[in-house]
$ cat structure-v8.cif   # mmCIF, C-alpha atoms
data_target
loop_
_atom_site.label_atom_id
_atom_site.label_comp_id
_atom_site.auth_asym_id
_atom_site.auth_seq_id
_atom_site.Cartn_x
_atom_site.Cartn_y
_atom_site.Cartn_z
CA MET A 23 18.81 41.27 43.51
CA ASN A 24 16.29 38.59 42.81
CA ARG A 25 15.01 40.43 39.78
CA ASN A 26 18.43 40.30 38.24
CA SER A 27 18.97 36.61 38.88
CA ILE A 28 15.71 35.38 37.28
CA PRO A 29 16.23 36.96 33.83
CA SER A 30 19.79 35.65 33.70
CA ARG A 31 18.50 32.13 34.39
CA GLN A 32 15.85 32.55 31.72
CA THR A 33 18.45 33.80 29.27
CA SER A 34 20.64 30.81 29.95
CA VAL A 35 17.69 28.42 29.48
CA THR A 36 16.68 30.11 26.24
CA SER A 37 20.20 30.10 24.92
CA ARG A 38 20.48 26.43 25.84
CA GLN A 39 17.27 25.70 23.92
CA VAL A 40 18.48 27.67 20.91
CA GLY A 41 21.80 25.90 21.12
CA ARG A 42 20.05 22.53 21.22
CA GLY A 43 17.88 23.49 18.26
CA LEU A 44 20.88 24.64 16.30
CA ALA A 45 22.74 21.46 17.10
CA CYS A 46 19.76 19.42 15.93
CA LEU A 47 19.52 21.43 12.72
CA THR A 48 23.24 21.10 12.07
CA LEU A 49 23.02 17.34 12.57
CA LEU A 50 20.10 17.09 10.16
CA LEU A 51 21.84 19.26 7.57
CA SER A 52 24.99 17.19 7.80
CA LEU A 53 22.93 14.01 7.40
CA CYS A 54 21.17 15.52 4.44
CA GLU A 55 24.48 16.59 2.88
CA GLY A 56 25.84 13.10 3.38
CA ALA A 57 22.80 11.55 1.72
CA ILE A 58 23.00 13.91 -1.24
CA CYS A 59 26.75 13.35 -1.68
CA GLN A 60 26.23 9.60 -1.58
CA ILE A 61 23.51 9.81 -4.20
CA GLN A 62 25.61 12.08 -6.41
CA SER A 63 28.52 9.69 -6.24
CA GLU A 64 26.18 6.87 -7.23
CA ALA A 65 24.78 8.84 -10.15
CA GLN A 66 27.40 8.23 -12.75
CA SER A 67 26.98 8.53 -16.48
CA PRO A 68 25.16 5.40 -17.62
CA VAL A 69 27.15 2.96 -19.71
CA PRO A 70 25.03 1.29 -22.40
CA GLY A 71 24.41 -2.37 -21.60
CA ALA A 72 25.70 -2.05 -18.04
CA ALA A 73 23.58 -2.85 -14.99
CA ASN A 74 21.73 0.09 -13.48
CA HIS A 75 21.35 0.26 -9.74
CA VAL A 76 17.61 0.86 -9.36
CA THR A 77 14.75 0.62 -6.91
CA HIS A 78 11.91 -1.63 -7.96
CA VAL A 79 8.81 0.31 -6.91
CA LEU A 80 6.19 -2.27 -7.87
CA GLY A 81 4.81 -4.54 -10.58
CA PHE A 82 7.79 -6.63 -11.73
CA GLU A 83 6.81 -10.25 -11.30
CA GLY A 84 8.97 -12.08 -8.76
CA ALA A 85 10.52 -8.98 -7.22
CA ARG A 86 9.63 -7.39 -3.91
CA HIS A 87 8.24 -3.86 -3.63
CA ASN A 88 10.79 -1.11 -3.00
CA ALA A 89 13.65 -3.55 -3.40
CA THR A 90 16.96 -2.19 -4.63
CA GLY A 91 18.97 -4.16 -7.12
CA ASP A 92 20.51 -4.21 -10.56
CA LEU A 93 18.44 -3.84 -13.70
CA LYS A 94 20.12 -5.03 -16.85
CA ILE A 95 19.54 -6.48 -20.28
CA GLN A 96 20.76 -10.06 -20.56
CA GLY A 97 20.34 -11.58 -24.01
CA ASP A 98 16.70 -11.15 -24.93
CA ALA A 99 15.45 -10.51 -21.39
CA VAL A 100 15.33 -7.71 -18.86
CA GLN A 101 16.66 -8.89 -15.52
CA PHE A 102 16.25 -7.47 -12.07
CA GLN A 103 18.59 -8.95 -9.52
CA ARG A 104 18.60 -8.18 -5.85
CA ASP A 105 21.55 -9.23 -3.72
CA GLY A 106 21.07 -12.76 -2.51
CA SER A 107 17.75 -13.36 -4.18
CA PRO A 108 16.87 -15.13 -7.44
CA THR A 109 16.76 -13.08 -10.62
CA ALA A 110 13.40 -11.91 -11.90
CA GLN A 111 13.25 -11.54 -15.64
CA VAL A 112 10.93 -10.67 -18.48
CA ASN A 113 11.33 -11.33 -22.16
CA ILE A 114 11.97 -8.11 -24.09
CA SER A 115 9.62 -9.21 -26.88
CA SER A 116 6.74 -9.25 -24.38
CA ILE A 117 7.18 -5.56 -23.56
CA GLN A 118 4.26 -3.51 -24.84
CA ASP A 119 5.30 -0.02 -23.89
CA ILE A 120 7.95 1.93 -21.99
CA PHE A 121 7.65 5.37 -20.41
CA VAL A 122 10.15 7.55 -18.63
CA GLU A 123 9.10 10.36 -16.30
CA ASP A 124 11.14 12.46 -13.97
CA GLU A 125 9.95 13.27 -10.52
CA ASP A 126 11.21 15.13 -7.50
CA LYS A 127 11.58 13.09 -4.31
CA GLN A 128 12.71 13.73 -0.78
CA VAL A 129 15.92 11.91 0.13
CA GLY A 130 16.85 10.22 3.39
CA GLY A 131 13.94 7.84 3.82
CA THR A 132 11.99 7.26 7.01
CA ALA A 133 14.83 8.18 9.37
CA MET A 134 15.20 11.57 7.78
CA THR A 135 11.43 12.13 7.81
CA LEU A 136 11.29 11.37 11.53
CA GLY A 137 14.26 13.64 12.17
CA LYS A 138 12.65 16.45 10.24
CA THR A 139 9.41 16.03 12.15
CA ALA A 140 11.23 16.12 15.48
CA ALA A 141 13.40 19.12 14.62
CA PRO A 142 12.36 22.25 16.57
CA TYR A 143 11.49 25.69 15.20
CA GLY A 144 10.43 24.32 11.81
CA GLY A 145 13.97 23.22 11.11
CA GLY A 146 12.68 20.14 9.33
CA ARG A 147 11.01 22.28 6.71
CA VAL A 148 14.26 24.08 5.99
CA VAL A 149 16.00 20.76 5.58
CA SER A 150 13.20 19.55 3.25
CA LEU A 151 13.90 22.52 0.99
CA PHE A 152 17.34 21.13 0.23
CA ALA A 153 16.89 17.39 0.79
CA HIS A 154 15.25 16.51 -2.50
CA LYS A 155 16.46 15.05 -5.73
CA LYS A 156 15.12 14.30 -9.19
CA TYR A 157 14.76 10.70 -10.25
CA ASP A 158 13.74 8.96 -13.44
CA PHE A 159 10.75 6.67 -13.17
CA LEU A 160 10.77 3.90 -15.76
CA THR A 161 7.41 2.26 -16.41
CA VAL A 162 7.54 -1.00 -18.34
CA GLU A 163 4.26 -2.50 -19.51
CA TYR A 164 4.53 -6.16 -20.49
CA LEU A 165 2.49 -9.35 -20.89
CA ASP A 166 3.13 -12.55 -18.98
CA ASN A 167 2.97 -16.08 -20.40
CA SER A 168 -0.82 -16.27 -20.16
CA GLY A 169 -1.32 -12.85 -21.73
CA GLY A 170 -1.90 -11.01 -18.42
CA PHE A 171 -0.93 -7.35 -18.42
CA HIS A 172 1.71 -6.08 -15.98
CA GLY A 173 2.96 -2.60 -15.22
CA ALA A 174 6.36 -2.44 -13.55
CA ILE A 175 7.84 0.77 -12.16
CA PHE A 176 11.52 1.33 -11.44
CA GLN A 177 13.19 4.33 -9.88
CA LEU A 178 16.51 5.22 -11.50
CA ASN A 179 18.98 8.03 -11.10
CA LYS A 180 18.35 11.05 -13.29
CA GLY A 181 19.40 10.45 -16.87
CA GLN A 182 19.55 6.66 -16.66
CA GLY A 183 15.91 6.13 -17.59
CA GLN A 184 16.13 7.42 -21.13
CA ALA A 185 19.36 5.55 -21.79
CA PHE A 186 17.86 2.29 -20.55
CA LYS A 187 14.75 2.83 -22.61
CA LYS A 188 16.88 3.34 -25.73
CA ASP A 189 18.74 0.13 -24.93
CA LEU A 190 15.48 -1.76 -24.60
CA VAL A 191 14.14 -0.40 -27.87
CA ALA A 192 17.41 -1.32 -29.56
CA HIS A 193 16.98 -4.87 -28.27
CA GLY A 194 13.50 -5.15 -29.78
CA ALA A 195 11.13 -3.76 -27.14
CA HIS A 196 7.88 -2.46 -28.54
CA ILE A 197 6.74 1.08 -27.82
CA SER A 198 3.38 2.39 -28.98
CA SER A 199 3.97 6.12 -29.28
CA PRO A 200 7.61 7.12 -29.21
CA ASP A 201 7.09 10.87 -29.44
CA ASP A 202 3.87 11.62 -27.61
CA ARG A 203 4.34 9.86 -24.33
CA ALA A 204 8.03 9.08 -24.32
CA THR A 205 8.96 11.65 -21.71
CA THR A 206 6.32 13.17 -19.57
CA GLN A 207 7.20 15.63 -16.88
CA SER A 208 5.07 16.07 -13.82
CA THR A 209 3.72 19.59 -13.46
CA PRO A 210 2.86 20.13 -9.85
CA GLU A 211 -0.43 21.67 -8.80
CA VAL A 212 -2.08 21.66 -12.21
CA LYS A 213 -5.56 20.32 -11.75
CA HIS A 214 -7.05 18.19 -14.50
CA GLU A 215 -10.62 17.17 -14.67
CA ASN A 216 -12.35 14.72 -16.91
CA LYS A 217 -15.92 15.83 -17.25
CA MET B 9 -23.69 -14.03 79.16
CA LYS B 10 -22.54 -14.31 75.65
CA THR B 11 -23.72 -11.78 73.24
CA ASN B 12 -25.06 -12.78 69.90
CA ARG B 13 -21.90 -11.65 68.21
CA GLU B 14 -19.65 -13.77 70.40
CA THR B 15 -21.86 -16.74 69.83
CA SER B 16 -21.67 -16.37 66.13
CA VAL B 17 -17.86 -15.97 66.23
CA ALA B 18 -17.56 -19.11 68.29
CA ALA B 19 -19.76 -20.97 65.89
CA THR B 20 -17.71 -19.75 62.99
CA ASN B 21 -14.52 -20.87 64.65
CA ALA B 22 -15.98 -24.26 65.24
CA THR B 23 -17.09 -24.65 61.67
CA PHE B 24 -14.16 -23.03 59.86
CA GLY B 25 -11.36 -23.84 62.22
CA LEU B 26 -8.07 -24.86 60.68
CA HIS B 27 -8.53 -28.58 61.12
CA ALA B 28 -12.21 -28.49 60.39
CA PHE B 29 -11.49 -26.45 57.34
CA HIS B 30 -8.86 -28.74 55.88
CA ARG B 31 -10.45 -32.15 56.05
CA PRO B 32 -13.85 -31.77 54.47
CA ASN B 33 -12.82 -28.86 52.19
CA ARG B 34 -10.11 -30.86 50.47
CA GLN B 35 -12.77 -33.18 49.19
CA ARG B 36 -14.94 -30.25 48.23
CA ALA B 37 -12.06 -28.58 46.38
CA ALA B 38 -11.32 -31.78 44.51
CA LEU B 39 -14.97 -32.10 43.64
CA ALA B 40 -15.14 -28.47 42.51
CA ALA B 41 -12.02 -28.92 40.37
CA LEU B 42 -13.56 -32.02 38.78
CA VAL B 43 -16.77 -30.16 38.07
CA LEU B 44 -14.82 -27.26 36.57
CA LEU B 45 -12.77 -29.62 34.44
CA LEU B 46 -15.86 -31.37 33.18
CA GLY B 47 -17.50 -28.01 32.46
CA ALA B 48 -14.49 -26.84 30.48
CA LEU B 49 -14.40 -30.11 28.56
CA GLN B 50 -18.06 -29.81 27.77
CA LEU B 51 -17.58 -26.23 26.61
CA GLN B 52 -14.69 -27.26 24.42
CA LEU B 53 -16.66 -30.15 22.96
CA PHE B 54 -19.76 -28.15 22.18
CA VAL B 55 -18.51 -24.63 21.52
CA SER B 56 -15.56 -25.32 19.22
CA PRO B 57 -17.59 -27.18 16.57
CA ALA B 58 -20.20 -24.44 16.80
CA LEU B 59 -17.56 -21.78 16.30
CA ALA B 60 -15.99 -23.67 13.45
CA GLU B 61 -19.39 -24.07 11.85
CA SER B 62 -20.19 -20.38 12.16
CA SER B 63 -16.83 -19.40 10.71
CA THR B 64 -17.29 -21.62 7.68
CA VAL B 65 -20.81 -20.34 7.25
CA GLY B 66 -19.45 -16.80 7.40
CA LYS B 67 -16.89 -17.61 4.77
CA ARG B 68 -19.37 -19.32 2.50
CA GLY B 69 -22.00 -16.67 3.01
CA GLY B 70 -19.62 -13.72 2.72
CA ALA B 71 -17.59 -14.83 -0.29
CA GLN B 72 -19.03 -13.89 -3.64
CA PRO B 73 -19.28 -16.57 -6.29
CA TRP B 74 -17.79 -14.12 -8.75
CA SER B 75 -14.31 -13.98 -10.14
CA VAL B 76 -12.89 -10.66 -11.25
CA GLN B 77 -10.72 -9.58 -14.13
CA VAL B 78 -9.08 -6.23 -13.49
CA ASP B 79 -9.04 -4.17 -16.65
CA ARG B 80 -6.33 -1.66 -17.52
CA VAL B 81 -6.83 1.81 -16.12
CA ASP B 82 -8.50 4.25 -18.47
CA PRO B 83 -6.58 7.52 -17.95
CA GLY B 84 -9.37 9.60 -19.49
CA ASP B 85 -8.21 13.03 -20.59
CA VAL B 86 -6.81 14.20 -17.28
CA GLY B 87 -3.15 13.86 -18.25
CA LEU B 88 -2.47 10.96 -15.91
CA GLU B 89 1.14 9.89 -15.91
CA PRO B 90 1.72 6.31 -17.14
CA SER B 91 3.38 5.33 -13.88
CA PHE B 92 0.21 6.29 -12.02
CA GLY B 93 -1.93 4.17 -14.34
CA ALA B 94 0.35 1.17 -13.85
CA ALA B 95 0.51 1.74 -10.10
CA ILE B 96 -3.28 1.95 -9.74
CA TYR B 97 -3.67 -1.28 -11.73
CA GLU B 98 -1.04 -3.21 -9.77
CA ASN B 99 -2.21 -1.91 -6.40
CA LEU B 100 -5.81 -2.81 -7.23
CA LEU B 101 -4.78 -6.38 -7.96
CA GLU B 102 -2.88 -6.58 -4.70
CA GLU B 103 -5.57 -5.01 -2.54
CA LEU B 104 -8.34 -7.12 -4.07
CA ALA B 105 -6.28 -10.24 -3.44
CA ASN B 106 -5.90 -9.18 0.19
CA THR B 107 -9.65 -8.86 0.70
CA GLU B 108 -10.29 -12.48 -0.45
CA HIS B 109 -13.69 -11.27 -1.53
CA PHE B 110 -13.64 -12.79 -4.98
CA LYS B 111 -13.15 -16.37 -5.98
CA ARG B 112 -10.38 -15.72 -8.48
CA LEU B 113 -8.51 -12.67 -9.74
CA PHE B 114 -7.30 -12.22 -13.29
CA ARG B 115 -5.14 -9.64 -14.95
CA SER B 116 -6.29 -7.82 -18.02
CA GLY B 117 -5.87 -10.02 -21.09
CA ASP B 118 -5.35 -13.23 -19.12
CA ARG B 119 -6.40 -16.16 -21.34
CA ASN B 120 -7.31 -18.27 -18.30
CA ALA B 121 -10.27 -15.97 -17.64
CA HIS B 122 -12.00 -17.06 -20.87
CA ASP B 123 -13.34 -20.30 -19.40
CA VAL B 124 -14.45 -18.89 -16.05
CA PRO B 125 -18.28 -18.94 -15.90
CA SER B 126 -19.00 -16.18 -13.38
CA LEU B 127 -16.66 -13.39 -14.31
CA LEU B 128 -16.95 -9.68 -13.67
CA ILE B 129 -14.69 -7.11 -15.26
CA LEU B 130 -13.45 -4.26 -13.10
CA LYS B 131 -13.17 -1.09 -15.14
CA THR B 132 -11.36 1.92 -13.71
CA THR B 133 -11.69 5.38 -15.23
CA VAL B 134 -9.78 8.35 -13.85
CA GLN B 135 -12.05 11.37 -13.48
CA LYS B 136 -9.88 13.88 -11.65
CA TYR B 137 -6.17 14.05 -11.08
CA THR B 138 -4.20 16.70 -9.23
CA PRO B 139 -0.46 16.10 -9.41
CA GLY B 140 1.25 17.01 -6.16
CA SER B 141 4.79 17.56 -4.98
CA GLU B 142 6.46 15.70 -2.16
CA THR B 143 8.84 18.60 -1.48
CA ARG B 144 6.02 21.12 -1.37
CA ARG B 145 4.19 18.89 1.10
CA ALA B 146 7.27 18.54 3.26
CA VAL B 147 7.95 22.28 3.31
CA THR B 148 4.45 23.71 3.62
CA THR B 149 2.39 20.78 5.01
CA VAL B 150 -0.84 22.26 3.60
CA ASN B 151 0.14 22.46 -0.05
CA GLY B 152 1.20 19.93 -2.67
CA ALA B 153 -1.31 17.12 -2.11
CA THR B 154 -1.67 14.49 -4.84
CA LYS B 155 -5.33 13.74 -5.46
CA LEU B 156 -7.01 11.04 -7.51
CA ASN B 157 -10.67 10.47 -8.17
CA VAL B 158 -11.75 7.44 -10.18
CA ARG B 159 -14.95 5.70 -11.20
CA ILE B 160 -14.93 1.95 -10.73
CA GLN B 161 -17.43 -0.30 -12.48
CA LEU B 162 -18.05 -4.01 -12.21
CA VAL B 163 -19.35 -5.16 -15.56
CA THR B 164 -20.42 -8.59 -16.80
CA ARG B 165 -19.09 -10.03 -20.04
CA GLU B 166 -22.31 -8.91 -21.73
CA GLY B 167 -21.72 -5.32 -20.60
CA HIS B 168 -24.30 -5.25 -17.82
CA VAL B 169 -23.10 -2.87 -15.08
CA VAL B 170 -23.43 -4.64 -11.75
CA LEU B 171 -21.87 -1.97 -9.57
CA GLU B 172 -20.64 1.57 -10.01
CA LYS B 173 -18.84 3.66 -7.40
CA VAL B 174 -16.61 6.71 -7.22
CA VAL B 175 -13.47 6.38 -5.11
CA ASP B 176 -10.82 8.87 -3.97
CA GLY B 177 -7.16 8.40 -3.19
CA ASN B 178 -5.01 11.20 -1.87
CA VAL B 179 -1.67 11.78 -0.24
CA ARG B 180 -1.62 14.96 1.83
CA PHE B 181 1.24 14.86 4.31
CA PHE B 182 3.75 12.02 4.32
CA GLY B 183 4.78 9.71 1.54
CA ASP B 184 5.64 9.96 -2.12
CA ASN B 185 3.15 10.79 -4.87
CA LEU B 186 2.59 7.16 -5.87
CA ARG B 187 1.22 6.51 -2.40
CA ALA B 188 -2.00 8.11 -3.64
CA THR B 189 -2.47 5.11 -5.95
CA HIS B 190 -2.05 2.72 -3.04
CA ASN B 191 -4.61 4.62 -0.97
CA LEU B 192 -6.97 4.69 -3.92
CA ALA B 193 -6.68 0.95 -4.50
CA HIS B 194 -7.22 0.26 -0.82
CA ASN B 195 -10.35 2.42 -0.77
CA ALA B 196 -11.62 0.73 -3.92
CA ALA B 197 -11.08 -2.74 -2.46
CA VAL B 198 -12.87 -1.78 0.76
CA THR B 199 -15.76 -0.30 -1.22
CA LEU B 200 -16.09 -3.46 -3.31
CA LYS B 201 -15.93 -5.65 -0.23
CA ARG B 202 -18.72 -3.71 1.46
CA SER B 203 -20.93 -3.72 -1.62
CA ALA B 204 -23.41 -6.55 -2.00
CA LEU B 205 -23.15 -8.13 -5.41
CA PRO B 206 -26.17 -9.86 -6.95
CA GLU B 207 -26.27 -13.64 -7.24
CA GLN B 208 -25.37 -14.92 -10.65
CA ALA B 209 -28.76 -16.57 -11.12
CA ASP B 210 -30.56 -13.28 -10.36
CA LEU B 211 -28.47 -11.48 -12.92
CA VAL B 212 -29.18 -14.08 -15.62
CA HIS B 213 -32.89 -13.86 -14.81
CA GLU B 214 -32.77 -10.05 -15.02
CA GLN B 215 -31.05 -10.18 -18.38
CA GLU B 216 -33.54 -12.70 -19.73
CA THR B 217 -36.53 -10.59 -18.63
CA GLY B 218 -34.85 -7.56 -20.14
CA LYS B 219 -34.52 -9.39 -23.48
CA MET B 220 -38.12 -10.56 -23.33
CA SER B 221 -39.45 -7.04 -22.73
CA LYS B 222 -37.45 -5.78 -25.70
#

$ encode --input "structure-v8.cif" --output "structure tokens"
Amino acid sequence: MNRNSIPSRQTSVTSRQVGRGLACLTLLLSLCEGAICQIQSEAQSPVPGAANHVTHVLGFEGARHNATGDLKIQGDAVQFQRDGSPTAQVNISSIQDIFVEDEDKQVGGTAMTLGKTAAPYGGGRVVSLFAHKKYDFLTVEYLDNSGGFHGAIFQLNKGQGQAFKKDLVAHGAHISSPDDRATTQSTPEVKHENK
Amino acid sequence: MKTNRETSVAATNATFGLHAFHRPNRQRAALAALVLLLGALQLQLFVSPALAESSTVGKRGGAQPWSVQVDRVDPGDVGLEPSFGAAIYENLLEELANTEHFKRLFRSGDRNAHDVPSLLILKTTVQKYTPGSETRRAVTTVNGATKLNVRIQLVTREGHVVLEKVVDGNVRFFGDNLRATHNLAHNAAVTLKRSALPEQADLVHEQETGKMSK
């Protein structure tokens, strides 16, 4: 009698755990899907001259790290404007070089990372397999008024980087080597050594 | 007959009885409070200037008389992506500013650095670079690390190498690939802060003796 009752309790506990795990995984997947859909809806074909919604990673004078805002060409200057904060701008003629790279990134930010870490049975890893997206990284090297060198990095949606670079070049931005280093693609796990 | 214990209890009661306790001890407590107050005042008067003095001495003694101009990152021939070069450069400037170890910080090419008398140039050369993948890290945990290994040199205007170190910067688990540049810059700044730089006068003397021997 007792022997029968214990396994049934264990089964119910196990099934409850599995159910909980599945629920957690489903929630994460739905979050992930939502994030991807949102990003895809944002990634529209870039219109030349229009403002690009970008993330300023670092280096642009007067703008905060990892701030999102609009990057656009206004007259003879590149402007980065974040909602409710003053515009940071750089003269196009002071640009020394521009590079565009594409890189794979996980979507969802810190909340998603925490969720993935907390998910049971390695569910977070499964989510990570699908929760990534390619971005363009635009690197703009320019000189400030006193001749100091700056390197600014912006994260744009895929395809917008090249278009923006073309716009900048059309407006008079200087690039040192248009063919060699224009588009570099990251090749994961290739070890380089300088001996 | 009273035992010794009883006698002592009675004596205690007589001395520390409620009334006996209150009257003289109020005065004692007031006196003790006054003494404590005076002690605290004295401590405040003598210790705070001493502390202030030691902190200023620490600042004067710890801070180097040098200013630094951060040079552009030399990517070497390791196929470093331009964004990584720019990120290392910018992060180095930020981390060095945070340490407050140097008098002034200049960007590469800054014209204001021309007139600065005690200037060192920070040269950064990338020696090894292993591009990683954020997705691979997230899925496997043990694979996909981004690794950077650079040589940093502090050089005088005349080309005399004052300091040379090798610094690493990796991202193994969480964070995007560019985080490796932040870690690298932080490590470099800590290394420079811990390193003792020679006094400017010593360096001039060394250079002069070097010229004389030649």

$ resolve_selection --input "structure-v8.cif" --expression "the PyMOL selection byres ((chain B and resi 187) around 10)" --output "list in words"
Phe92, Ala95, Ile96, Asn99, Thr154, Gly177, Asn178, Val179, Arg180, Phe182, Gly183, Asp184, Asn185, Leu186, Ala188, Thr189, His190, Asn191, Leu192 and Ala193 of chain B

$ resolve_selection --input "structure-v8.cif" --expression "the PyMOL selection byres ((chain B) within 9 of (chain A))" --output "NGL selection string"
:B and (79-80 or 84-91 or 93-95 or 97-99 or 114-120 or 134-144 or 146-149 or 151-154 or 182 or 184-185)

$ write_last_selection --input "structure-v8.cif" --atoms "C-alpha atoms" --output "PDB file, in the frame of the given file"
ATOM      1  CA  ASP B  79      -9.040  -4.170 -16.650  1.00  0.00           C
ATOM      2  CA  ARG B  80      -6.330  -1.660 -17.520  1.00  0.00           C
ATOM      3  CA  GLY B  84      -9.370   9.600 -19.490  1.00  0.00           C
ATOM      4  CA  ASP B  85      -8.210  13.030 -20.590  1.00  0.00           C
ATOM      5  CA  VAL B  86      -6.810  14.200 -17.280  1.00  0.00           C
ATOM      6  CA  GLY B  87      -3.150  13.860 -18.250  1.00  0.00           C
ATOM      7  CA  LEU B  88      -2.470  10.960 -15.910  1.00  0.00           C
ATOM      8  CA  GLU B  89       1.140   9.890 -15.910  1.00  0.00           C
ATOM      9  CA  PRO B  90       1.720   6.310 -17.140  1.00  0.00           C
ATOM     10  CA  SER B  91       3.380   5.330 -13.880  1.00  0.00           C
ATOM     11  CA  GLY B  93      -1.930   4.170 -14.340  1.00  0.00           C
ATOM     12  CA  ALA B  94       0.350   1.170 -13.850  1.00  0.00           C
ATOM     13  CA  ALA B  95       0.510   1.740 -10.100  1.00  0.00           C
ATOM     14  CA  TYR B  97      -3.670  -1.280 -11.730  1.00  0.00           C
ATOM     15  CA  GLU B  98      -1.040  -3.210  -9.770  1.00  0.00           C
ATOM     16  CA  ASN B  99      -2.210  -1.910  -6.400  1.00  0.00           C
ATOM     17  CA  PHE B 114      -7.300 -12.220 -13.290  1.00  0.00           C
ATOM     18  CA  ARG B 115      -5.140  -9.640 -14.950  1.00  0.00           C
ATOM     19  CA  SER B 116      -6.290  -7.820 -18.020  1.00  0.00           C
ATOM     20  CA  GLY B 117      -5.870 -10.020 -21.090  1.00  0.00           C
ATOM     21  CA  ASP B 118      -5.350 -13.230 -19.120  1.00  0.00           C
ATOM     22  CA  ARG B 119      -6.400 -16.160 -21.340  1.00  0.00           C
ATOM     23  CA  ASN B 120      -7.310 -18.270 -18.300  1.00  0.00           C
ATOM     24  CA  VAL B 134      -9.780   8.350 -13.850  1.00  0.00           C
ATOM     25  CA  GLN B 135     -12.050  11.370 -13.480  1.00  0.00           C
ATOM     26  CA  LYS B 136      -9.880  13.880 -11.650  1.00  0.00           C
ATOM     27  CA  TYR B 137      -6.170  14.050 -11.080  1.00  0.00           C
ATOM     28  CA  THR B 138      -4.200  16.700  -9.230  1.00  0.00           C
ATOM     29  CA  PRO B 139      -0.460  16.100  -9.410  1.00  0.00           C
ATOM     30  CA  GLY B 140       1.250  17.010  -6.160  1.00  0.00           C
ATOM     31  CA  SER B 141       4.790  17.560  -4.980  1.00  0.00           C
ATOM     32  CA  GLU B 142       6.460  15.700  -2.160  1.00  0.00           C
ATOM     33  CA  THR B 143       8.840  18.600  -1.480  1.00  0.00           C
ATOM     34  CA  ARG B 144       6.020  21.120  -1.370  1.00  0.00           C
ATOM     35  CA  ALA B 146       7.270  18.540   3.260  1.00  0.00           C
ATOM     36  CA  VAL B 147       7.950  22.280   3.310  1.00  0.00           C
ATOM     37  CA  THR B 148       4.450  23.710   3.620  1.00  0.00           C
ATOM     38  CA  THR B 149       2.390  20.780   5.010  1.00  0.00           C
ATOM     39  CA  ASN B 151       0.140  22.460  -0.050  1.00  0.00           C
ATOM     40  CA  GLY B 152       1.200  19.930  -2.670  1.00  0.00           C
ATOM     41  CA  ALA B 153      -1.310  17.120  -2.110  1.00  0.00           C
ATOM     42  CA  THR B 154      -1.670  14.490  -4.840  1.00  0.00           C
ATOM     43  CA  PHE B 182       3.750  12.020   4.320  1.00  0.00           C
ATOM     44  CA  ASP B 184       5.640   9.960  -2.120  1.00  0.00           C
ATOM     45  CA  ASN B 185       3.150  10.790  -4.870  1.00  0.00           C
TER      46      ASN B 185
END

$ resolve_selection --input "structure-v8.cif" --expression "the PyMOL selection byres ((chain A and resi 111) around 9)" --output "PDB file with C-alpha atoms, in the frame of the given file"
ATOM      1  CA  PHE A  82       7.790  -6.630 -11.730  1.00  0.00           C
ATOM      2  CA  GLU A  83       6.810 -10.250 -11.300  1.00  0.00           C
ATOM      3  CA  GLY A  84       8.970 -12.080  -8.760  1.00  0.00           C
ATOM      4  CA  ALA A  99      15.450 -10.510 -21.390  1.00  0.00           C
ATOM      5  CA  VAL A 100      15.330  -7.710 -18.860  1.00  0.00           C
ATOM      6  CA  GLN A 101      16.660  -8.890 -15.520  1.00  0.00           C
ATOM      7  CA  PHE A 102      16.250  -7.470 -12.070  1.00  0.00           C
ATOM      8  CA  GLN A 103      18.590  -8.950  -9.520  1.00  0.00           C
ATOM      9  CA  THR A 109      16.760 -13.080 -10.620  1.00  0.00           C
ATOM     10  CA  ALA A 110      13.400 -11.910 -11.900  1.00  0.00           C
ATOM     11  CA  VAL A 112      10.930 -10.670 -18.480  1.00  0.00           C
ATOM     12  CA  ASN A 113      11.330 -11.330 -22.160  1.00  0.00           C
TER      13      ASN A 113
END

$ atom_distance --input "structure-v8.cif" --atom1 "atom CA of B:Ser75" --atom2 "atom CA of B:Glu172"
16.8 Å

$ closest_residue --input "structure-v8.cif" --among "B:Lys173, B:Arg145, B:Arg112, B:His168" --to "B:Thr133" --atoms "all atoms listed in the file"
B:Lys173

$ axis_aligned_box --input "structure-v8.cif" --around "stretch 140-144 of chain A" --padding-each-side "3 Å" --output "lines of an AutoDock Vina configuration file"
center_x = 11.9
center_y = 20.9
center_z = 14.2
size_x = 9.0
size_y = 15.6
size_z = 10.8

$ atom_distance --input "structure-v8.cif" --atom1 "atom CA of B:Leu100" --atom2 "atom CA of B:Val76"
11.3 Å

$ closest_residue --input "structure-v8.cif" --among "B:Glu102, B:Asp82, B:Asp123, B:Glu166" --to "B:Ala196" --atoms "all atoms listed in the file"
B:Glu102

$ atom_distance --input "structure-v8.cif" --atom1 "atom CA of A:Gly194" --atom2 "atom CA of A:Leu93"
16.9 Å

$ closest_residue --input "structure-v8.cif" --among "A:Thr90, A:Asn74, A:Gln184, A:Gln177" --to "A:Ser107" --atoms "all atoms listed in the file"
A:Thr90
